[in-house]
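Here's the structure, in structure tokens; my notes come after.
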Amino acid sequence: MQLIDGKATASAIKTQIAAEVQQIVAQGGKRPHLAAVLVGHDGGSETYVRNKVLACEECGFKSTLIRFEDDVTEEELLGCVAKLNADADVDGFIVQLPLPRHIDEQKVTEAIDPKKDVDGFHPVNVGRMAIGLPCFISATPLGILTLLRHYGIQTSGKKCVVLGRSNIVGKPMAQLMMQKQYGDATVTVCHSHSQNLQEECRQADILIAAIGRPDFVTADMVKPGAVVIDVGTTRVADATRKSGYRLNGDVKFDEVAPLCSYITPVPGGVGPMTICSLMLNTLQAGRR
């Protein structure tokens, strides 16, 4: 069993990005600029956005954080998106989800200029990704593809099971894994209501768990020698930790790991690659 180290992989990629940015600036080019819009004080979102700001520093990007309180109106938020769309200095920006209930997330996402949508959530980018055209690929699926390539894991012709059907991970992951230029795999999408779930998962050469349920994938669902990618990051109460919680994956790691050829840990697997992918998308936006 080999552990897939997302933290080390992300660090190596960010070093490469920083070198390219240095070269761009030395040749008189513009330093890539990523903006983030954060609404409210959700703990997970705060941490995630802080990590994005730190990653920008590591990559040599300019970064801007725009904050609003929970009571911001939809109109105000859409006004902010319009300003960022029009700002020639901003290459890409994200509006951190989730948003408060009184704001229509889809409306906000669709208001973002697809050319600046480095999260890859705009329907234009999602549609282009689905038919294999150049676009911004959403960060978590791109991070998983990058990890598979980095570790030389063969995907072509392999049986891949994606556990979960969210718009952010499950659906785009399945699309990418079946496309010739990315995964070139035979893909099955399963979810909590799938029949014969255990049997379906056990057939997978590559199992990507993105169902959002801690310890959902157990040893009896994994074929010996399979590659297991754990996307889950659920906060579970833990009195032994200073924070009062720990991050728990969708895979019951201790019992599944001995069966695998490769497996991602939580934390330190897919998570760091998600932010790293956002940096790659921002660099791509900056090049434009």
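Please note that chains go A, B, ... in the order of the structure tokens, that every chain numbers its residues from 1, and that ligands are numbered from 1 in the order shown.
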Would you list the contacts of Gln106 (chain A) as a list in words, taking every protein, DNA or RNA residue within 12 Å and counting only C-alpha atoms, but skipping same-chain residues closer than 6 positions in sequence?
Glu74, Leu78, Val95, Leu97, Pro98, Leu99, Ile112, Phe121, His122, Pro123 and Asn167 of chain A
Write to file, as a PDB file, in the first residue's frame, the residues of the selection just made, with all heavy atoms.
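Result written to out01.pdb:
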ATOM      1  N   GLU A  74     -28.712  40.036  -1.732  1.00  0.00           N
ATOM      2  CA  GLU A  74     -28.338  39.400  -2.995  1.00  0.00           C
ATOM      3  C   GLU A  74     -27.886  40.459  -4.009  1.00  0.00           C
ATOM      4  O   GLU A  74     -26.905  40.260  -4.736  1.00  0.00           O
ATOM      5  CB  GLU A  74     -29.535  38.615  -3.538  1.00  0.00           C
ATOM      6  CG  GLU A  74     -29.203  37.764  -4.762  1.00  0.00           C
ATOM      7  CD  GLU A  74     -30.372  36.893  -5.162  1.00  0.00           C
ATOM      8  OE1 GLU A  74     -30.506  35.796  -4.598  1.00  0.00           O
ATOM      9  OE2 GLU A  74     -31.167  37.314  -6.029  1.00  0.00           O
ATOM     10  N   LEU A  78     -24.337  40.600  -5.938  1.00  0.00           N
ATOM     11  CA  LEU A  78     -24.292  40.611  -7.406  1.00  0.00           C
ATOM     12  C   LEU A  78     -23.570  41.856  -7.920  1.00  0.00           C
ATOM     13  O   LEU A  78     -22.853  41.792  -8.928  1.00  0.00           O
ATOM     14  CB  LEU A  78     -25.705  40.530  -7.988  1.00  0.00           C
ATOM     15  CG  LEU A  78     -26.412  39.184  -7.844  1.00  0.00           C
ATOM     16  CD1 LEU A  78     -27.889  39.296  -8.214  1.00  0.00           C
ATOM     17  CD2 LEU A  78     -25.741  38.106  -8.694  1.00  0.00           C
ATOM     18  N   VAL A  95     -16.466  33.080  -5.393  1.00  0.00           N
ATOM     19  CA  VAL A  95     -17.401  33.437  -4.324  1.00  0.00           C
ATOM     20  C   VAL A  95     -17.529  32.176  -3.483  1.00  0.00           C
ATOM     21  O   VAL A  95     -18.012  31.149  -3.958  1.00  0.00           O
ATOM     22  CB  VAL A  95     -18.773  33.878  -4.883  1.00  0.00           C
ATOM     23  CG1 VAL A  95     -19.734  34.188  -3.735  1.00  0.00           C
ATOM     24  CG2 VAL A  95     -18.622  35.098  -5.789  1.00  0.00           C
ATOM     25  N   LEU A  97     -18.615  29.279  -1.314  1.00  0.00           N
ATOM     26  CA  LEU A  97     -19.881  28.639  -0.944  1.00  0.00           C
ATOM     27  C   LEU A  97     -19.696  27.852   0.346  1.00  0.00           C
ATOM     28  O   LEU A  97     -18.593  27.440   0.648  1.00  0.00           O
ATOM     29  CB  LEU A  97     -20.345  27.715  -2.084  1.00  0.00           C
ATOM     30  CG  LEU A  97     -20.495  28.363  -3.473  1.00  0.00           C
ATOM     31  CD1 LEU A  97     -20.919  27.324  -4.492  1.00  0.00           C
ATOM     32  CD2 LEU A  97     -21.468  29.523  -3.452  1.00  0.00           C
ATOM     33  N   PRO A  98     -20.747  27.614   1.140  1.00  0.00           N
ATOM     34  CA  PRO A  98     -22.141  27.989   0.898  1.00  0.00           C
ATOM     35  C   PRO A  98     -22.407  29.448   1.231  1.00  0.00           C
ATOM     36  O   PRO A  98     -21.669  30.072   1.987  1.00  0.00           O
ATOM     37  CB  PRO A  98     -22.899  27.073   1.866  1.00  0.00           C
ATOM     38  CG  PRO A  98     -21.948  26.843   3.005  1.00  0.00           C
ATOM     39  CD  PRO A  98     -20.580  26.830   2.391  1.00  0.00           C
ATOM     40  N   LEU A  99     -23.482  29.966   0.637  1.00  0.00           N
ATOM     41  CA  LEU A  99     -23.943  31.328   0.907  1.00  0.00           C
ATOM     42  C   LEU A  99     -25.166  31.268   1.825  1.00  0.00           C
ATOM     43  O   LEU A  99     -25.829  30.230   1.909  1.00  0.00           O
ATOM     44  CB  LEU A  99     -24.321  32.022  -0.412  1.00  0.00           C
ATOM     45  CG  LEU A  99     -23.163  32.306  -1.375  1.00  0.00           C
ATOM     46  CD1 LEU A  99     -23.689  32.778  -2.722  1.00  0.00           C
ATOM     47  CD2 LEU A  99     -22.185  33.318  -0.790  1.00  0.00           C
ATOM     48  N   ILE A 112     -20.997  35.290 -12.608  1.00  0.00           N
ATOM     49  CA  ILE A 112     -19.529  35.374 -12.749  1.00  0.00           C
ATOM     50  C   ILE A 112     -19.146  35.203 -14.220  1.00  0.00           C
ATOM     51  O   ILE A 112     -19.666  34.323 -14.915  1.00  0.00           O
ATOM     52  CB  ILE A 112     -18.840  34.285 -11.874  1.00  0.00           C
ATOM     53  CG1 ILE A 112     -19.138  34.534 -10.386  1.00  0.00           C
ATOM     54  CG2 ILE A 112     -17.333  34.252 -12.121  1.00  0.00           C
ATOM     55  CD1 ILE A 112     -18.750  33.365  -9.467  1.00  0.00           C
ATOM     56  N   PHE A 121     -17.312  26.555 -11.804  1.00  0.00           N
ATOM     57  CA  PHE A 121     -18.708  26.220 -11.481  1.00  0.00           C
ATOM     58  C   PHE A 121     -19.730  26.808 -12.458  1.00  0.00           C
ATOM     59  O   PHE A 121     -20.893  26.434 -12.443  1.00  0.00           O
ATOM     60  CB  PHE A 121     -19.069  26.715 -10.062  1.00  0.00           C
ATOM     61  CG  PHE A 121     -18.345  26.006  -8.953  1.00  0.00           C
ATOM     62  CD1 PHE A 121     -18.282  26.573  -7.673  1.00  0.00           C
ATOM     63  CD2 PHE A 121     -17.715  24.781  -9.150  1.00  0.00           C
ATOM     64  CE1 PHE A 121     -17.615  25.928  -6.631  1.00  0.00           C
ATOM     65  CE2 PHE A 121     -17.042  24.137  -8.127  1.00  0.00           C
ATOM     66  CZ  PHE A 121     -16.990  24.717  -6.860  1.00  0.00           C
ATOM     67  N   HIS A 122     -19.316  27.783 -13.274  1.00  0.00           N
ATOM     68  CA  HIS A 122     -20.257  28.417 -14.197  1.00  0.00           C
ATOM     69  C   HIS A 122     -20.745  27.378 -15.220  1.00  0.00           C
ATOM     70  O   HIS A 122     -19.951  26.566 -15.704  1.00  0.00           O
ATOM     71  CB  HIS A 122     -19.588  29.590 -14.919  1.00  0.00           C
ATOM     72  CG  HIS A 122     -20.548  30.472 -15.647  1.00  0.00           C
ATOM     73  ND1 HIS A 122     -21.120  30.109 -16.846  1.00  0.00           N
ATOM     74  CD2 HIS A 122     -21.067  31.703 -15.339  1.00  0.00           C
ATOM     75  CE1 HIS A 122     -21.944  31.066 -17.244  1.00  0.00           C
ATOM     76  NE2 HIS A 122     -21.930  32.041 -16.344  1.00  0.00           N
ATOM     77  N   PRO A 123     -22.055  27.408 -15.571  1.00  0.00           N
ATOM     78  CA  PRO A 123     -22.576  26.435 -16.544  1.00  0.00           C
ATOM     79  C   PRO A 123     -21.793  26.393 -17.859  1.00  0.00           C
ATOM     80  O   PRO A 123     -21.697  25.330 -18.481  1.00  0.00           O
ATOM     81  CB  PRO A 123     -24.017  26.919 -16.785  1.00  0.00           C
ATOM     82  CG  PRO A 123     -24.402  27.600 -15.519  1.00  0.00           C
ATOM     83  CD  PRO A 123     -23.146  28.255 -15.008  1.00  0.00           C
ATOM     84  N   ASN A 167     -22.692  18.251  -7.939  1.00  0.00           N
ATOM     85  CA  ASN A 167     -22.260  19.065  -9.082  1.00  0.00           C
ATOM     86  C   ASN A 167     -20.809  19.497  -8.958  1.00  0.00           C
ATOM     87  O   ASN A 167     -20.155  19.812  -9.956  1.00  0.00           O
ATOM     88  CB  ASN A 167     -23.142  20.318  -9.204  1.00  0.00           C
ATOM     89  CG  ASN A 167     -24.559  19.977  -9.634  1.00  0.00           C
ATOM     90  OD1 ASN A 167     -24.794  18.957 -10.278  1.00  0.00           O
ATOM     91  ND2 ASN A 167     -25.513  20.821  -9.270  1.00  0.00           N
TER      92      ASN A 167
END
Hey, could you make a per-residue contact list for region 200-225 of chain A against region 169-179 of chain A with 12 Å as the cut-off, showing the nearest pair of atoms and its distance in Å to one decimal, counting only C-alpha atoms, sorted by chain and number, as a Markdown table?
| residue | atom | partner | partner_atom | distance |
| --- | --- | --- | --- | --- |
| A:Ile206 | CA | A:Met177 | CA | 10.1 |
| A:Leu207 | CA | A:Ala174 | CA | 11.1 |
| A:Ile208 | CA | A:Gly170 | CA | 8.5 |
| A:Ala209 | CA | A:Gly170 | CA | 8.6 |
| A:Ala210 | CA | A:Gly170 | CA | 6.4 |
| A:Ile211 | CA | A:Gly170 | CA | 8.2 |
| A:Gly212 | CA | A:Val169 | CA | 10.7 |
Can you pull out the residues contacting region 245-262 of chain A? Cut-off 6 Å, using only C-alpha atoms, and skip same-chain residues under 3 positions away; I want them as number ranges by chain.
A: 1-3, 213-219, 224-227, 232-238, 266
Mind the document's chain letters and residue numbers, and return as a ChimeraX atom specification the residues of region 30-206 of chain A that DSSP labels helix (DSSP H, G or I).
/A:43-59,74-86,105-111,114-116,123-130,139-150,170-178,197-202
Residues near region 25-35 of chain A, cut-off 12 Å, only C-alpha atoms, skip fewer than 2 positions along chain, as a PyMOL selection string
chain A and resi 17-23+37-38+49+52-57+59-67+80-81+83-85+87-96+116-119+278-288
Take the residues that were just selected and, keeping C-alpha atoms, output them as a compact mmCIF listing (two decimals), in the first residue's frame.
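Wrote it out as result_19.txt, contents follow:
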# COMPACT_ATOMS: atom_id res chain seq x y z
CA ILE A 17 3.94 27.96 -10.37
CA ALA A 18 6.01 30.47 -8.34
CA ALA A 19 8.97 30.00 -10.71
CA GLU A 20 6.73 30.64 -13.74
CA VAL A 21 5.20 33.75 -12.14
CA GLN A 22 8.69 35.07 -11.38
CA GLN A 23 9.58 34.59 -15.04
CA VAL A 37 -15.49 36.87 -1.77
CA LEU A 38 -16.40 35.56 1.68
CA VAL A 49 -10.26 31.06 2.22
CA LYS A 52 -6.21 30.15 -0.46
CA VAL A 53 -4.67 33.50 0.55
CA LEU A 54 -1.56 31.70 1.88
CA ALA A 55 -1.32 29.65 -1.33
CA CYS A 56 -1.43 32.88 -3.37
CA GLU A 57 1.54 34.17 -1.37
CA CYS A 59 2.75 31.16 -5.76
CA GLY A 60 3.65 34.84 -6.01
CA PHE A 61 0.09 35.89 -6.89
CA LYS A 62 -1.61 39.09 -5.86
CA SER A 63 -4.68 38.28 -3.75
CA THR A 64 -7.69 40.26 -2.56
CA LEU A 65 -10.20 39.17 0.08
CA ILE A 66 -13.62 40.87 0.05
CA ARG A 67 -15.77 40.22 3.12
CA CYS A 80 -19.66 42.98 -6.13
CA VAL A 81 -19.51 40.20 -8.77
CA LYS A 83 -17.32 44.96 -10.26
CA LEU A 84 -14.90 42.02 -10.21
CA ASN A 85 -16.00 41.01 -13.74
CA ASP A 87 -11.87 44.88 -13.04
CA ALA A 88 -9.11 44.30 -15.61
CA ASP A 89 -6.54 43.70 -12.86
CA VAL A 90 -8.46 40.70 -11.44
CA ASP A 91 -7.68 37.58 -13.50
CA GLY A 92 -9.93 35.21 -11.60
CA PHE A 93 -12.18 35.21 -8.56
CA ILE A 94 -14.29 32.92 -6.43
CA VAL A 95 -17.40 33.44 -4.32
CA GLN A 96 -16.96 31.04 -1.41
CA LYS A 116 -12.76 34.58 -14.55
CA ASP A 117 -14.56 31.57 -13.06
CA VAL A 118 -11.47 29.82 -11.66
CA ASP A 119 -13.70 27.59 -9.47
CA LEU A 278 -7.33 26.76 -7.93
CA MET A 279 -3.80 28.22 -8.22
CA LEU A 280 -3.29 26.38 -11.55
CA ASN A 281 -6.59 27.79 -12.84
CA THR A 282 -5.60 31.30 -11.71
CA LEU A 283 -2.26 30.97 -13.52
CA GLN A 284 -4.17 29.88 -16.64
CA ALA A 285 -6.47 32.92 -16.28
CA GLY A 286 -3.43 35.17 -15.83
CA ARG A 287 -1.81 33.81 -19.01
CA ARG A 288 -4.89 34.87 -20.96
To one decimal place in Å, what is the distance between CA of Gly6 (chain A) and CA of Gly268 (chain A)?
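Straight-line distance from CA of Gly6 (chain A) to CA of Gly268 (chain A) works out to 5.5 Å.
Here the residues within region 221-255 of chain A that DSSP labels strand (DSSP E) on the basis of the backbone are Val227, Val228, Ile229, Asp230, Thr234, Arg235, Val236, Ala237, Tyr245, Arg246, Leu247 and Asn248 of chain A.
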Which residue of A:Ala111, A:Ala86, A:Ile229, A:Gly120 approaches Leu145 (chain A) most closely, using only C-alpha atoms:
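Looking at the shortest contact to Leu145 (chain A), the residue is A:Ile229.
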Excluding same-chain residues fewer than 3 positions from Gln154 (chain A), what lies within 10 Å of it counting only C-alpha atoms, as a PyMOL selection string?
chain A and resi 148-149+151+157-158+183-185+205-206+227
Atom-to-atom span, CA of Pro100 (chain A) and CA of Gly79 (chain A), Å
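About the pair CA of Pro100 (chain A) and CA of Gly79 (chain A): they are 16.5 Å apart.
Among the candidates A:Ala12, A:Val222, A:Ile168, A:Cys190, the residue lying nearest to Val126 (chain A) is A:Ile168 (atoms considered: only C-alpha atoms).
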